[in-house]
Amino acid sequence: MKSTAQTPQNWSYEETVAKIEATGARLEQGELPLAAVFEEFEQAVQHLRQCEDFLQARQEQVDLLIETLEE
């Protein structure tokens, strides 16, 4: 698996999704200064990459388990 983002050791998928949702809500409110919008957006993209990497790794594990069961 190629990692596109740094994932902290105590990382949690659920907490990261909550952060992404909170960022989306703040961006939708339109009350942030432009510099903060770019910062928030950059953080959200990093969090999305972490989630994508996590889900891809789990899908690979599931595929391997299914292959093992079919043999």
# chains A, B, ... in the order shown; residues from 1 in each chain; ligands from 1
$ select_by_dssp --residues "chain A" --states "alpha helix (DSSP H)" --output "number ranges by chain"
A: 13-29, 34-70
$ residues_around --residues "A:Glu15" --least-positions-apart "6" --cutoff "12 Å" --atoms "only C-alpha atoms" --output "JSON, numbers by chain"
{"A": [21, 22, 47, 48, 50, 51]}
$ atom_distance --atom1 "atom CA of A:Asp53" --atom2 "atom CA of A:Glu28"
25.9 Å
$ atom_distance --atom1 "atom CA of A:Phe41" --atom2 "atom CA of A:Ile20"
9.2 Å
$ residues_around --residues "stretch 32-38 of chain A" --least-positions-apart "6" --cutoff "10 Å" --atoms "only C-alpha atoms" --output "list of chain:residue names"
A:Thr23, A:Arg26, A:Ala44
$ decode --residues "stretch 15-37 of chain A" --atoms "N, CA, C and O atoms" --output "PDB file, in the first residue's frame"
ATOM      1  N   GLU A  15     -12.788   9.013  14.232  1.00  0.00           N
ATOM      2  CA  GLU A  15     -12.456  10.376  14.648  1.00  0.00           C
ATOM      3  C   GLU A  15     -12.065  11.240  13.447  1.00  0.00           C
ATOM      4  O   GLU A  15     -12.404  12.424  13.382  1.00  0.00           O
ATOM      5  N   THR A  16     -11.366  10.642  12.503  1.00  0.00           N
ATOM      6  CA  THR A  16     -10.946  11.381  11.316  1.00  0.00           C
ATOM      7  C   THR A  16     -12.142  11.757  10.460  1.00  0.00           C
ATOM      8  O   THR A  16     -12.231  12.879   9.955  1.00  0.00           O
ATOM      9  N   VAL A  17     -13.090  10.848  10.307  1.00  0.00           N
ATOM     10  CA  VAL A  17     -14.309  11.159   9.553  1.00  0.00           C
ATOM     11  C   VAL A  17     -15.067  12.294  10.235  1.00  0.00           C
ATOM     12  O   VAL A  17     -15.565  13.215   9.571  1.00  0.00           O
ATOM     13  N   ALA A  18     -15.122  12.275  11.553  1.00  0.00           N
ATOM     14  CA  ALA A  18     -15.793  13.349  12.286  1.00  0.00           C
ATOM     15  C   ALA A  18     -15.100  14.689  12.049  1.00  0.00           C
ATOM     16  O   ALA A  18     -15.761  15.725  11.887  1.00  0.00           O
ATOM     17  N   LYS A  19     -13.774  14.683  11.995  1.00  0.00           N
ATOM     18  CA  LYS A  19     -13.021  15.909  11.717  1.00  0.00           C
ATOM     19  C   LYS A  19     -13.346  16.431  10.315  1.00  0.00           C
ATOM     20  O   LYS A  19     -13.504  17.642  10.114  1.00  0.00           O
ATOM     21  N   ILE A  20     -13.426  15.524   9.342  1.00  0.00           N
ATOM     22  CA  ILE A  20     -13.740  15.913   7.964  1.00  0.00           C
ATOM     23  C   ILE A  20     -15.132  16.537   7.906  1.00  0.00           C
ATOM     24  O   ILE A  20     -15.342  17.577   7.272  1.00  0.00           O
ATOM     25  N   GLU A  21     -16.082  15.908   8.580  1.00  0.00           N
ATOM     26  CA  GLU A  21     -17.452  16.433   8.595  1.00  0.00           C
ATOM     27  C   GLU A  21     -17.509  17.811   9.258  1.00  0.00           C
ATOM     28  O   GLU A  21     -18.202  18.712   8.780  1.00  0.00           O
ATOM     29  N   ALA A  22     -16.770  17.985  10.357  1.00  0.00           N
ATOM     30  CA  ALA A  22     -16.749  19.277  11.050  1.00  0.00           C
ATOM     31  C   ALA A  22     -16.122  20.351  10.157  1.00  0.00           C
ATOM     32  O   ALA A  22     -16.611  21.487  10.097  1.00  0.00           O
ATOM     33  N   THR A  23     -15.070  19.988   9.447  1.00  0.00           N
ATOM     34  CA  THR A  23     -14.433  20.928   8.525  1.00  0.00           C
ATOM     35  C   THR A  23     -15.402  21.329   7.425  1.00  0.00           C
ATOM     36  O   THR A  23     -15.529  22.509   7.095  1.00  0.00           O
ATOM     37  N   GLY A  24     -16.103  20.356   6.877  1.00  0.00           N
ATOM     38  CA  GLY A  24     -17.095  20.649   5.841  1.00  0.00           C
ATOM     39  C   GLY A  24     -18.159  21.616   6.338  1.00  0.00           C
ATOM     40  O   GLY A  24     -18.544  22.556   5.622  1.00  0.00           O
ATOM     41  N   ALA A  25     -18.609  21.425   7.558  1.00  0.00           N
ATOM     42  CA  ALA A  25     -19.627  22.309   8.127  1.00  0.00           C
ATOM     43  C   ALA A  25     -19.092  23.734   8.275  1.00  0.00           C
ATOM     44  O   ALA A  25     -19.780  24.703   7.953  1.00  0.00           O
ATOM     45  N   ARG A  26     -17.840  23.849   8.761  1.00  0.00           N
ATOM     46  CA  ARG A  26     -17.245  25.180   8.915  1.00  0.00           C
ATOM     47  C   ARG A  26     -17.085  25.868   7.561  1.00  0.00           C
ATOM     48  O   ARG A  26     -17.332  27.063   7.431  1.00  0.00           O
ATOM     49  N   LEU A  27     -16.683  25.107   6.555  1.00  0.00           N
ATOM     50  CA  LEU A  27     -16.497  25.683   5.220  1.00  0.00           C
ATOM     51  C   LEU A  27     -17.842  26.118   4.624  1.00  0.00           C
ATOM     52  O   LEU A  27     -17.933  27.157   3.976  1.00  0.00           O
ATOM     53  N   GLU A  28     -18.875  25.315   4.851  1.00  0.00           N
ATOM     54  CA  GLU A  28     -20.197  25.646   4.319  1.00  0.00           C
ATOM     55  C   GLU A  28     -20.778  26.908   4.958  1.00  0.00           C
ATOM     56  O   GLU A  28     -21.545  27.625   4.327  1.00  0.00           O
ATOM     57  N   GLN A  29     -20.420  27.185   6.194  1.00  0.00           N
ATOM     58  CA  GLN A  29     -20.926  28.378   6.871  1.00  0.00           C
ATOM     59  C   GLN A  29     -20.403  29.649   6.220  1.00  0.00           C
ATOM     60  O   GLN A  29     -21.046  30.700   6.301  1.00  0.00           O
ATOM     61  N   GLY A  30     -19.260  29.550   5.559  1.00  0.00           N
ATOM     62  CA  GLY A  30     -18.713  30.684   4.829  1.00  0.00           C
ATOM     63  C   GLY A  30     -18.248  31.840   5.689  1.00  0.00           C
ATOM     64  O   GLY A  30     -18.140  32.965   5.204  1.00  0.00           O
ATOM     65  N   GLU A  31     -17.962  31.597   6.945  1.00  0.00           N
ATOM     66  CA  GLU A  31     -17.574  32.674   7.847  1.00  0.00           C
ATOM     67  C   GLU A  31     -16.073  32.709   8.134  1.00  0.00           C
ATOM     68  O   GLU A  31     -15.619  33.545   8.906  1.00  0.00           O
ATOM     69  N   LEU A  32     -15.318  31.822   7.502  1.00  0.00           N
ATOM     70  CA  LEU A  32     -13.879  31.786   7.745  1.00  0.00           C
ATOM     71  C   LEU A  32     -13.158  32.753   6.815  1.00  0.00           C
ATOM     72  O   LEU A  32     -13.554  32.926   5.661  1.00  0.00           O
ATOM     73  N   PRO A  33     -12.065  33.356   7.286  1.00  0.00           N
ATOM     74  CA  PRO A  33     -11.242  34.161   6.388  1.00  0.00           C
ATOM     75  C   PRO A  33     -10.636  33.249   5.315  1.00  0.00           C
ATOM     76  O   PRO A  33     -10.461  32.048   5.528  1.00  0.00           O
ATOM     77  N   LEU A  34     -10.310  33.806   4.179  1.00  0.00           N
ATOM     78  CA  LEU A  34      -9.830  33.023   3.046  1.00  0.00           C
ATOM     79  C   LEU A  34      -8.624  32.156   3.401  1.00  0.00           C
ATOM     80  O   LEU A  34      -8.560  30.978   3.021  1.00  0.00           O
ATOM     81  N   ALA A  35      -7.680  32.688   4.145  1.00  0.00           N
ATOM     82  CA  ALA A  35      -6.492  31.910   4.531  1.00  0.00           C
ATOM     83  C   ALA A  35      -6.891  30.691   5.355  1.00  0.00           C
ATOM     84  O   ALA A  35      -6.347  29.602   5.177  1.00  0.00           O
ATOM     85  N   ALA A  36      -7.858  30.852   6.230  1.00  0.00           N
ATOM     86  CA  ALA A  36      -8.318  29.736   7.058  1.00  0.00           C
ATOM     87  C   ALA A  36      -9.043  28.694   6.205  1.00  0.00           C
ATOM     88  O   ALA A  36      -8.938  27.501   6.468  1.00  0.00           O
ATOM     89  N   VAL A  37      -9.749  29.138   5.185  1.00  0.00           N
ATOM     90  CA  VAL A  37     -10.435  28.202   4.280  1.00  0.00           C
ATOM     91  C   VAL A  37      -9.416  27.279   3.631  1.00  0.00           C
ATOM     92  O   VAL A  37      -9.598  26.061   3.599  1.00  0.00           O
TER      93      VAL A  37
END
